[in-house]
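coords-v5.txt follows; it contains compact mmCIF, C-alpha atoms.
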# COMPACT_ATOMS: atom_id res chain seq x y z
CA MET B 1 0.00 0.00 0.00
CA THR B 2 2.94 2.38 0.59
CA ARG B 3 5.07 1.41 -2.41
CA LEU B 4 6.06 4.32 -4.65
CA GLU B 5 5.27 3.40 -8.25
CA PRO B 6 7.79 4.74 -10.76
CA PRO B 7 6.61 6.33 -13.98
CA LYS B 8 6.74 4.09 -17.02
CA VAL B 9 9.97 4.69 -18.90
CA ASP B 10 11.91 2.86 -21.56
CA LEU B 11 15.39 1.97 -20.39
CA PRO B 12 17.77 3.63 -22.86
CA ALA B 13 20.23 1.33 -24.57
CA PRO B 14 23.82 1.79 -23.42
CA SER B 15 24.75 3.70 -26.55
CA ARG B 16 27.33 5.79 -24.71
CA ALA B 17 28.93 5.32 -21.34
CA ALA B 18 29.29 8.18 -18.93
CA GLU B 19 32.63 9.91 -19.09
CA VAL B 20 34.26 9.14 -15.76
CA ARG B 21 37.71 10.56 -15.19
CA THR B 22 39.97 11.07 -12.22
CA VAL B 23 42.00 14.29 -12.24
CA ASP B 24 44.58 14.75 -9.48
CA GLY B 25 42.58 12.40 -7.26
CA LEU B 26 39.18 13.99 -7.93
CA ARG B 27 36.48 11.94 -9.70
CA GLU B 28 34.55 13.82 -12.39
CA VAL B 29 31.46 12.27 -13.99
CA VAL B 30 29.90 13.72 -17.15
CA LEU B 31 26.20 12.91 -17.60
CA GLU B 32 24.23 14.17 -20.57
CA GLY B 33 21.00 13.70 -22.52
CA SER B 34 17.42 13.14 -21.47
CA PRO B 35 16.49 12.48 -17.82
CA GLU B 36 16.15 8.78 -18.65
CA THR B 37 19.58 8.68 -20.29
CA ILE B 38 21.19 10.52 -17.38
CA GLY B 39 19.65 8.14 -14.85
CA ALA B 40 20.57 4.96 -16.69
CA THR B 41 24.08 6.15 -17.53
CA HIS B 42 24.69 7.13 -13.92
CA ALA B 43 23.74 3.68 -12.60
CA ARG B 44 25.76 1.83 -15.22
CA ALA B 45 28.88 3.95 -14.70
CA LEU B 46 28.93 4.02 -10.89
CA ARG B 47 27.09 0.84 -9.92
CA ASP B 48 30.00 -0.65 -7.97
CA ARG B 49 30.57 2.55 -6.01
CA MET B 50 26.86 2.98 -5.32
CA ILE B 51 26.69 -0.55 -3.88
CA ALA B 52 29.81 -0.09 -1.76
CA ASP B 53 28.74 3.29 -0.38
CA GLU B 54 25.17 2.23 0.37
CA SER B 55 26.49 -0.87 2.15
CA ARG B 56 28.51 1.39 4.43
CA LEU B 57 25.50 3.58 5.17
CA TRP B 58 23.27 0.60 5.98
CA GLY B 59 26.02 -0.61 8.29
CA ASP B 60 26.08 2.76 10.06
CA TYR B 61 22.32 2.68 10.43
CA GLU B 62 22.44 -0.74 12.07
CA HIS B 63 25.31 0.37 14.32
CA PHE B 64 23.60 3.50 15.61
CA VAL B 65 20.14 1.88 15.77
CA PRO B 66 21.14 -1.60 17.01
CA TRP B 67 17.65 -2.77 17.99
CA TRP B 68 15.86 -4.43 15.09
CA ILE B 69 12.45 -3.44 16.44
CA ALA B 70 13.50 0.24 16.42
CA ARG B 71 14.78 -0.04 12.84
CA PHE B 72 11.58 -1.78 11.84
CA GLY B 73 9.53 1.01 13.40
CA ILE B 74 11.52 3.80 11.75
CA GLU B 75 11.29 2.15 8.34
CA GLU B 76 7.59 1.38 8.57
CA VAL B 77 6.68 4.83 9.86
CA SER B 78 8.73 6.32 7.01
CA ARG B 79 6.96 4.20 4.41
CA VAL B 80 3.56 5.36 5.66
CA ARG B 81 4.43 8.99 6.27
CA TYR B 82 6.22 9.41 2.93
CA ARG B 83 3.99 7.23 0.78
CA ASN B 84 3.43 10.21 -1.57
CA LEU B 85 6.98 11.54 -1.44
CA ASP B 86 7.70 11.55 -5.16
CA ARG B 87 4.60 13.63 -5.97
CA GLY B 88 6.53 16.78 -5.01
CA MET B 89 9.43 15.97 -7.29
CA PRO B 90 9.69 17.47 -10.77
CA GLU B 91 8.55 14.97 -13.38
CA PRO B 92 11.98 14.81 -15.09
CA ARG B 93 13.54 13.75 -11.79
CA ARG B 94 10.98 10.97 -11.35
CA ARG B 95 11.76 9.70 -14.84
CA GLU B 96 15.49 9.94 -14.18
CA LEU B 97 15.22 7.89 -10.97
CA ALA B 98 12.94 5.38 -12.67
CA ALA B 99 15.55 4.75 -15.39
CA GLU B 100 18.33 4.70 -12.82
CA SER B 101 16.40 2.05 -10.87
CA LEU B 102 15.96 -0.14 -13.93
CA ALA B 103 19.64 0.16 -14.86
CA PHE B 104 20.68 -0.71 -11.28
CA SER B 105 19.20 -4.20 -11.60
CA PRO B 106 19.98 -6.61 -10.02
CA ASP B 107 19.69 -4.56 -6.86
CA PRO B 108 21.36 -6.15 -3.80
CA PHE B 109 19.29 -4.00 -1.44
CA GLU B 110 15.85 -4.60 -2.97
CA GLY B 111 14.88 -6.78 -0.03
CA ARG B 112 15.13 -3.75 2.25
CA MET B 113 13.04 -1.46 0.04
CA PRO B 114 12.07 -1.45 -3.67
CA THR B 115 14.77 0.16 -5.80
CA TYR B 116 12.87 3.21 -7.08
CA GLN B 117 11.39 3.94 -3.67
CA ARG B 118 14.79 3.69 -2.00
CA MET B 119 16.39 6.01 -4.55
CA VAL B 120 13.63 8.54 -3.97
CA PHE B 121 14.19 8.27 -0.21
CA LEU B 122 17.97 8.63 -0.59
CA HIS B 123 17.53 11.89 -2.50
CA ALA B 124 15.24 13.17 0.27
CA VAL B 125 17.30 11.88 3.18
CA TYR B 126 17.78 15.36 4.70
CA ASP B 127 14.06 16.10 4.50
CA ILE B 128 13.10 12.72 5.97
CA ALA B 129 15.74 12.73 8.71
CA LEU B 130 14.36 15.87 10.36
CA SER B 131 11.17 13.99 11.22
CA PHE B 132 13.22 11.64 13.43
CA GLU B 133 16.39 13.56 14.29
CA HIS B 134 15.67 16.40 16.70
CA SER B 135 19.19 17.21 17.91
CA PRO B 136 20.73 20.54 16.88
CA LEU B 137 23.94 18.91 15.59
CA ILE B 138 24.18 20.84 12.36
CA GLY B 139 27.08 22.58 10.63
CA CYS B 140 28.10 24.25 7.35
CA SER B 141 29.88 27.53 6.72
CA THR B 142 29.74 29.57 3.50
CA PHE B 143 31.07 32.97 2.53
CA ALA B 144 31.51 35.09 -0.59
CA LEU B 145 33.68 38.03 -1.63
CA GLY B 146 32.60 40.67 -4.11
CA SER B 147 34.72 42.13 -6.91
CA SER B 148 35.87 45.09 -4.79
CA VAL B 149 37.51 42.71 -2.31
CA THR B 150 39.39 40.46 -4.75
CA ARG B 151 42.70 41.03 -6.50
CA ALA B 152 41.46 40.44 -10.05
CA GLY B 153 37.99 41.89 -9.55
CA HIS B 154 36.49 38.40 -9.64
CA VAL B 155 33.59 37.17 -7.51
CA LEU B 156 34.55 34.34 -5.15
CA ALA B 157 32.61 32.00 -2.89
CA ALA B 158 33.60 29.11 -0.62
CA ARG B 159 31.72 26.47 1.31
CA ALA B 160 32.33 23.72 3.88
CA PHE B 161 29.61 21.05 3.80
CA ASP B 162 29.76 19.73 7.37
CA MET B 163 27.58 16.63 7.36
CA GLU B 164 28.85 14.23 10.01
CA THR B 165 28.08 10.86 8.55
CA ASP B 166 30.16 7.94 7.31
CA GLU B 167 33.61 8.95 6.05
CA VAL B 168 32.74 7.28 2.74
CA LEU B 169 30.91 10.41 1.55
CA ASP B 170 34.16 12.34 1.97
CA GLU B 171 36.41 9.58 0.65
CA ASP B 172 34.26 8.71 -2.38
CA LYS B 173 33.00 12.13 -3.46
CA ALA B 174 32.23 12.94 -7.10
CA VAL B 175 31.78 16.08 -9.18
CA PHE B 176 28.86 15.56 -11.54
CA LEU B 177 28.95 17.61 -14.74
CA VAL B 178 25.36 17.50 -15.98
CA ARG B 179 24.23 18.41 -19.49
CA GLU B 180 20.50 17.72 -19.50
CA ASP B 181 18.57 18.38 -22.68
CA GLY B 182 16.90 21.79 -22.60
CA ALA B 183 18.50 22.89 -19.32
CA LEU B 184 21.48 24.94 -18.22
CA ARG B 185 24.59 22.86 -17.64
CA PHE B 186 25.89 22.63 -14.09
CA ALA B 187 28.37 21.02 -11.72
CA SER B 188 27.25 19.37 -8.47
CA VAL B 189 29.61 18.17 -5.74
CA ALA B 190 28.13 15.03 -4.21
CA TRP B 191 28.73 11.26 -4.16
CA PRO B 192 27.89 8.22 -6.33
CA GLY B 193 24.14 7.62 -6.53
CA PHE B 194 23.19 11.23 -5.75
CA VAL B 195 22.66 13.73 -8.55
CA GLY B 196 20.69 16.17 -6.47
CA VAL B 197 22.41 19.40 -5.43
CA VAL B 198 23.70 20.50 -2.04
CA THR B 199 26.64 22.46 -3.50
CA GLY B 200 26.84 23.51 -7.12
CA MET B 201 27.39 26.10 -9.83
CA ASN B 202 25.98 26.36 -13.35
CA GLU B 203 27.38 27.60 -16.64
CA ALA B 204 25.93 31.07 -15.99
CA GLY B 205 28.00 31.32 -12.80
CA VAL B 206 25.05 30.96 -10.41
CA PHE B 207 26.32 29.34 -7.20
CA VAL B 208 23.96 27.74 -4.66
CA VAL B 209 24.42 25.79 -1.44
CA VAL B 210 22.08 24.56 1.29
CA HIS B 211 22.57 24.84 5.05
CA GLY B 212 20.61 23.01 7.69
CA GLY B 213 18.31 25.05 9.91
CA ARG B 214 15.69 24.31 12.55
CA ALA B 215 12.28 25.99 12.55
CA GLY B 216 8.64 25.13 11.90
CA GLU B 217 7.22 21.63 11.51
CA PRO B 218 8.34 19.16 8.82
CA ARG B 219 5.85 18.09 6.17
CA ALA B 220 5.59 14.79 4.37
CA GLU B 221 4.99 16.35 0.96
CA GLY B 222 6.78 18.98 -1.07
CA MET B 223 9.98 19.24 -3.07
CA PRO B 224 13.08 17.67 -1.48
CA VAL B 225 15.88 20.16 -0.95
CA ALA B 226 18.32 18.36 -3.26
CA PHE B 227 15.97 18.63 -6.23
CA SER B 228 14.93 22.15 -5.28
CA LEU B 229 18.50 23.38 -5.75
CA ARG B 230 18.92 21.32 -8.89
CA GLU B 231 15.94 23.18 -10.37
CA VAL B 232 17.74 26.44 -9.62
CA LEU B 233 20.94 25.42 -11.38
CA SER B 234 19.03 24.03 -14.34
CA ARG B 235 17.09 27.25 -14.96
CA ALA B 236 18.51 30.35 -13.25
CA ARG B 237 20.89 32.76 -15.00
CA ASP B 238 21.30 35.14 -12.06
CA SER B 239 20.41 35.51 -8.39
CA ASP B 240 17.03 37.13 -9.11
CA GLU B 241 15.92 34.16 -11.20
CA ALA B 242 17.27 31.76 -8.59
CA ILE B 243 15.30 33.46 -5.82
CA ALA B 244 12.11 33.49 -7.90
CA ILE B 245 12.43 29.71 -8.39
CA LEU B 246 13.06 29.14 -4.68
CA ARG B 247 10.09 31.32 -3.68
CA ALA B 248 7.73 29.30 -5.88
CA GLN B 249 8.59 25.89 -4.40
CA ASP B 250 6.77 24.07 -1.60
CA VAL B 251 9.34 22.74 0.86
CA MET B 252 9.24 19.84 3.29
CA VAL B 253 11.59 21.08 6.03
CA SER B 254 13.29 24.24 7.20
CA HIS B 255 16.65 25.19 5.69
CA ILE B 256 18.79 28.06 4.43
CA VAL B 257 19.90 28.56 0.81
CA PHE B 258 22.81 30.81 -0.12
CA VAL B 259 22.71 32.21 -3.67
CA ALA B 260 25.41 34.12 -5.55
CA ASP B 261 26.03 35.21 -9.14
CA PRO B 262 28.91 36.78 -11.11
CA GLN B 263 27.46 40.25 -10.50
CA ALA B 264 28.22 39.75 -6.78
CA ARG B 265 24.55 39.66 -5.85
CA PHE B 266 24.64 37.59 -2.67
CA ALA B 267 21.44 36.51 -0.92
CA VAL B 268 20.25 34.19 1.82
CA VAL B 269 16.86 32.55 1.33
CA GLU B 270 15.32 31.26 4.56
CA ARG B 271 12.57 28.68 4.05
CA ALA B 272 10.23 26.61 6.20
CA PRO B 273 7.10 24.59 5.33
CA GLY B 274 3.91 26.58 4.86
CA LEU B 275 5.62 29.98 5.09
CA PRO B 276 6.75 32.44 2.42
CA ALA B 277 10.47 32.46 1.77
CA PHE B 278 12.36 35.28 3.45
CA VAL B 279 15.18 36.85 1.42
CA ARG B 280 17.99 38.96 2.84
CA TRP B 281 20.62 40.52 0.61
CA LEU B 282 24.22 40.63 1.76
CA GLY B 283 27.17 42.92 1.08
CA PRO B 284 30.53 42.23 -0.60
CA ARG B 285 31.74 40.27 2.45
CA ALA B 286 28.91 37.79 2.87
CA ALA B 287 28.71 34.88 5.30
CA VAL B 288 26.13 32.35 6.44
CA THR B 289 26.10 29.49 8.95
CA ASN B 290 23.02 27.73 10.36
CA GLN B 291 20.79 30.29 12.03
CA PHE B 292 17.73 32.10 10.76
CA GLU B 293 17.81 35.89 11.02
CA GLY B 294 14.43 36.77 9.50
CA PRO B 295 10.91 35.99 10.77
CA LEU B 296 12.03 32.51 11.86
CA ALA B 297 14.70 33.87 14.21
CA ALA B 298 12.37 33.68 17.23
CA ASP B 299 11.28 30.11 16.54
CA PRO B 300 12.21 28.03 19.65
CA LYS B 301 14.10 25.54 17.48
CA ASN B 302 16.24 28.30 15.99
CA VAL B 303 16.80 29.83 19.42
CA ARG B 304 18.11 26.45 20.56
CA VAL B 305 20.46 26.27 17.57
CA VAL B 306 21.92 29.68 18.42
CA ALA B 307 22.26 28.80 22.11
CA THR B 308 23.62 25.26 21.88
CA THR B 309 25.50 24.81 18.57
CA SER B 310 28.59 26.31 16.97
CA SER B 311 26.56 28.33 14.44
CA ALA B 312 26.91 31.73 16.16
CA ALA B 313 30.59 31.13 16.98
CA ARG B 314 31.37 30.27 13.35
CA ALA B 315 29.44 33.30 12.15
CA ASP B 316 31.48 35.53 14.47
CA ARG B 317 34.74 33.96 13.27
CA LEU B 318 33.80 34.44 9.62
CA GLU B 319 32.96 38.07 10.33
CA GLU B 320 36.43 38.55 11.85
CA LEU B 321 38.22 36.87 8.96
CA LEU B 322 36.27 38.67 6.24
CA ALA B 323 36.72 42.05 7.95
CA ALA B 324 40.48 41.43 7.99
CA THR B 325 40.52 40.80 4.22
CA ALA B 326 41.68 44.00 2.57
CA ASP B 327 39.97 45.42 -0.49
CA GLY B 328 41.54 44.33 -3.77
CA LYS B 329 43.68 41.61 -2.19
CA ALA B 330 41.69 38.36 -1.99
CA THR B 331 42.45 35.41 -4.27
CA PRO B 332 41.04 31.87 -4.44
CA LYS B 333 43.89 30.84 -2.12
CA THR B 334 42.75 33.53 0.34
CA ALA B 335 39.28 32.00 0.28
CA LEU B 336 40.71 28.53 0.89
CA ASP B 337 42.78 29.81 3.83
CA ILE B 338 39.61 31.22 5.41
CA LEU B 339 37.77 27.96 4.75
CA ARG B 340 40.59 26.07 6.50
CA ASP B 341 40.78 28.42 9.47
CA HIS B 342 41.33 26.55 12.75
CA GLY B 343 40.88 29.47 15.12
CA CYS B 344 37.95 30.65 17.22
CA ALA B 345 36.30 34.04 17.45
CA ARG B 346 37.36 36.71 19.97
CA GLY B 347 40.73 35.08 20.52
CA LEU B 348 39.33 32.10 22.41
CA ALA B 349 41.67 29.14 22.68
CA CYS B 350 40.91 26.41 20.16
CA GLU B 351 42.16 22.88 19.81
CA LEU B 352 42.48 21.59 16.26
CA GLY B 353 39.07 20.24 15.27
CA ASP B 354 37.08 22.46 17.63
CA ARG B 355 33.48 22.70 16.39
CA ARG B 356 33.56 26.48 16.80
CA SER B 357 36.22 26.84 14.09
CA ILE B 358 35.43 27.07 10.38
CA ASP B 359 37.40 23.89 9.66
CA ALA B 360 36.42 21.43 12.38
CA LEU B 361 37.92 18.52 10.39
CA ILE B 362 34.44 17.11 9.70
CA ALA B 363 33.50 18.45 6.24
CA THR B 364 32.07 15.96 3.76
CA HIS B 365 33.33 18.27 1.04
CA GLY B 366 34.79 21.72 0.57
CA VAL B 367 34.51 24.01 -2.46
CA VAL B 368 36.07 27.31 -3.55
CA ALA B 369 34.41 28.93 -6.58
CA ASP B 370 35.42 31.71 -8.95
CA LEU B 371 32.05 32.74 -10.34
CA THR B 372 33.64 35.08 -12.86
CA GLU B 373 35.87 32.38 -14.36
CA ARG B 374 33.28 29.60 -13.89
CA THR B 375 35.83 27.50 -12.01
CA ILE B 376 35.38 25.49 -8.84
CA TRP B 377 38.11 23.93 -6.73
CA VAL B 378 37.03 20.80 -4.85
CA GLY B 379 38.96 19.25 -1.97
CA VAL B 380 40.00 15.65 -2.53
CA GLY B 381 40.05 15.01 1.23
CA PRO B 382 40.45 14.11 3.91
CA HIS B 383 37.83 16.74 4.72
CA LEU B 384 39.25 20.21 3.90
CA SER B 385 42.88 19.24 4.44
CA GLY B 386 43.77 17.69 1.09
CA ARG B 387 44.57 19.35 -2.24
CA PHE B 388 41.85 21.43 -3.91
CA VAL B 389 41.57 20.46 -7.57
CA PRO B 390 40.14 22.89 -10.17
CA VAL B 391 37.21 22.07 -12.44
CA ASP B 392 36.73 24.64 -15.21
CA LEU B 393 33.07 24.44 -16.20
CA ARG B 394 33.67 26.11 -19.55
CA THR B 395 36.24 23.57 -20.73
CA ALA B 396 34.49 20.68 -18.97
CA PHE B 397 31.37 21.31 -21.02
CA ASP B 398 33.24 22.36 -24.17
CA PRO B 399 36.60 20.53 -24.48
CA ALA B 400 37.44 22.54 -27.59
CA ALA B 401 37.65 25.66 -25.41
CA ALA B 402 40.56 24.16 -23.50
CA ALA B 403 42.98 25.18 -26.26
CA ASP B 404 42.46 28.88 -25.46
CA ALA B 405 42.06 28.55 -21.68
CA THR B 406 44.72 29.06 -19.03
CA PRO B 407 44.28 26.14 -16.67
CA ALA B 408 43.81 26.95 -13.00
CA GLU B 409 46.34 25.52 -10.59
CA VAL B 410 45.77 22.87 -7.95
CA MET B 411 45.80 24.46 -4.49
CA PRO B 412 48.08 22.61 -2.06
CA ALA B 413 47.11 20.55 0.97
CA ASP B 414 46.88 22.08 4.43
CA PRO B 415 50.27 21.79 6.19
CA ILE B 416 48.55 20.01 9.10
CA LEU B 417 48.30 16.96 6.86
CA ALA B 418 52.08 16.58 6.58
CA ASP B 419 53.35 17.75 9.97
CA GLY B 420 51.39 15.28 12.09
CA ARG B 421 48.83 17.68 13.56
CA TYR B 422 45.94 16.23 11.55
CA ALA B 423 46.77 12.66 12.59
CA ARG B 424 47.06 13.64 16.25
CA ALA B 425 43.72 15.47 16.12
CA MET B 426 42.02 12.44 14.60
CA GLN B 427 43.57 10.14 17.21
CA ALA B 428 42.39 12.42 20.01
CA ARG B 429 38.89 12.54 18.56
CA ALA B 430 38.76 8.74 18.27
CA ALA B 431 39.96 8.34 21.84
CA GLY B 432 37.35 10.81 23.06
CA SER B 433 34.53 9.05 21.21
CA LYS B 434 35.55 5.70 22.75
CA ARG B 435 35.38 7.24 26.22

Turn this file's structure into structure tokens for me.
Amino acid sequence: MTRLEPPKVDLPAPSRAAEVRTVDGLREVVLEGSPETIGATHARALRDRMIADESRLWGDYEHFVPWWIARFGIEEVSRVRYRNLDRGMPEPRRRELAAESLAFSPDPFEGRMPTYQRMVFLHAVYDIALSFEHSPLIGCSTFALGSSVTRAGHVLAARAFDMETDEVLDEDKAVFLVREDGALRFASVAWPGFVGVVTGMNEAGVFVVVHGGRAGEPRAEGMPVAFSLREVLSRARDSDEAIAILRAQDVMVSHIVFVADPQARFAVVERAPGLPAFVRWLGPRAAVTNQFEGPLAADPKNVRVVATTSSAARADRLEELLAATADGKATPKTALDILRDHGCARGLACELGDRRSIDALIATHGVVADLTERTIWVGVGPHLSGRFVPVDLRTAFDPAAAADATPAEVMPADPILADGRYARAMQARAAGSKR
């Protein structure tokens, strides 16, 4: 009775494999064509990685919820509550997941949940999790610098996606370069099996990221966040268009979206179910963490986030770092140095990995973006400490343009990776978790 029925699609023949390449340790995956072709190609190209990663996540689930009766209850409640989940998804995404499900056969996890239904759930995992997970353990830090602040007059943005889950999502990350028929081309930083968007930029230079927030009451229907942001990258050519798309969507849970474009129009869009989106525009030194500052600021859940999490401390630290960045001086390396900052606001003492620092050594991925040049640098890991490898969207989507392009340089690893500080911090964290 609660099974999600996929739309009827014809599985495209494997006429062309996805282009999967590894550049300086970073996996790039080119997907193009109709939604059905993108879905099928994705499953065929990354099937082994999808199986390995999902196995790890199921193992984590069983570790943290060791009682079978509790797992049974969570899964059955989810099936009932979200029995209409895919109705809020754009039709092309339903067709894409239907083709991906067919191409994933035989599915080793089908006994747990039908393939299409599980893929729908995996793309809405953030939205679903908030119905069960009520702790304020949320992170993410993003900032942007306008043309007056940077050395070359470019617009820069950077983001740490702090989602504390299995290390596999850091270790096995992928940059998807998506060329869907009739849509703007875009890059999404994610992992095998997930072509939604939590961090991405399109060919027009529109940059969007999502941050967790707590306010309002979750709903069982609406558009999952990952597909909401994908709609933005597929259609928006500037921040105004991006905001109009975000305003028109029905959402399932509260969250914060940061939007930027090459004209240095930086905005935060605060959303919660059943309420109009609240937009606040930011200046040339823009920053966002995990707290609402508009009408949702007084919500008791948001008040708890401010009082009990690192969100306010990280916001204060970003304000200090951005204020210290002189006009006309910032470069992509400057942005990466801020992203990797290990200090705490107001001169407070900080151990390496402190949750109040921008780099708490927990990021699932990190990104620095030059919106003017349409280039993103993605960290290969671990977390934000490894090299940051450039992906030029213009040459990635048009290889012929590479002949006239000056390639961006790889940005080096954080020194803590080589001098032993990173290893000692990880050992101390492991010892603390065992205690």

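Distances here use only C-alpha atoms; by that measure, the residue among B:Trp377, B:Tyr126, B:Phe227, B:Trp68 closest to Val389 in chain B is B:Trp377.
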
Which residues are near Leu393 in chain B? Cut-off 8 Å, all atoms listed in the file, ignore same chain within fewer than 6 positions. Put them as a compact mmCIF listing (two decimals) with C-alpha atoms, in the coordinates of the input.
# COMPACT_ATOMS: atom_id res chain seq x y z
CA PHE B 186 25.89 22.63 -14.09
CA ALA B 187 28.37 21.02 -11.72
CA ASN B 202 25.98 26.36 -13.35
CA GLU B 203 27.38 27.60 -16.64
CA ARG B 374 33.28 29.60 -13.89
CA THR B 375 35.83 27.50 -12.01
CA ILE B 376 35.38 25.49 -8.84

Would you mind reading off the distance between CA of Leu352 in chain B and CA of Arg421 in chain B, one decimal, in Å?
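Calculated distance between CA of Leu352 in chain B and CA of Arg421 in chain B is 7.9 Å.
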
Across B:Val303, B:Ala267, B:Val232, B:Ala18, the smallest distance to Ala287 in chain B, with all atoms listed in the file counted, is shown by B:Ala267

Two-atom distance - CA of Gly153 in chain B, CA of Gly328 in chain B (Å):
7.2 Å

Go through B:Cys140, B:Leu184, B:Ala190, B:Ala152 and flag the residue nearest His255 in chain B, using all atoms listed in the file for the distances.
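Of the candidates, the smallest distance to His255 in chain B is held by B:Cys140.
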
Find the residue from B:Arg87, B:Arg235, B:Arg27, B:Lys329 that sits nearest to Glu221 in chain B; use all atoms listed in the file when measuring.
B:Arg87

Give the answer as one residue: which of B:Ser385, B:Thr289, B:Thr334, B:Ser234 has the shortest atom-to-atom distance to Ala369 in chain B, using all atoms listed in the file?
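Between B:Ser385, B:Thr289, B:Thr334, B:Ser234, the residue approaching Ala369 in chain B most closely is B:Thr334.
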
Write out as a list in words the residues lying within 9 Å of Val195 in chain B, counting only C-alpha atoms and excluding same-chain residues fewer than 6 positions away.
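Residues meeting the cut-off are Gly39, His42, His123, Phe176, Val178, Ser188, Val189, Ala226, Phe227 and Arg230 of chain B.
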
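The residue that comes closest to Pro382 in chain B, out of B:Met426, B:Thr406, B:Val268, B:Arg81 and on the basis of only C-alpha atoms, is B:Met426.
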
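The spacing separating CA of Val65 in chain B from CA of Ala52 in chain B amounts to 20.1 Å.
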
May I have the residues within 10 Å of Val410 in chain B as a PyMOL selection string, using all atoms listed in the file and disregarding those fewer than 3 positions away in the same chain?
chain B and resi 24+377-379+387-391+407+413

Tell me which residues come within 12 Å of (2.1, 9.0, 0.7), as a PyMOL selection string, counting all atoms listed in the file in the file's coordinates.
chain B and resi 1-5+77-88+117+219-222

If we count only C-alpha atoms, what is near Leu229 in chain B at a cut-off of 9 Å, once residues fewer than 3 positions away on the same chain are taken out, given as number ranges by chain?
B: 196-200, 208-210, 224-226, 232-234, 242, 246, 257

Take the point (11.3, 5.7, -7.4) in the file's coordinates, draw a sphere of radius 10 Å around it, and report as a VMD selection string every protein, DNA or RNA residue with an atom inside or on it, counting all atoms listed in the file.
chain B and resid 3 to 7 85 to 86 93 to 102 114 to 122

List as a ChimeraX atom specification the protein and nucleic acid residues near Arg247 in chain B, meaning an atom at most 9 Å away when all atoms listed in the file are counted, but skip any in the same chain fewer than 2 places from it.
/B:242-245,249-250,269,271,276-278
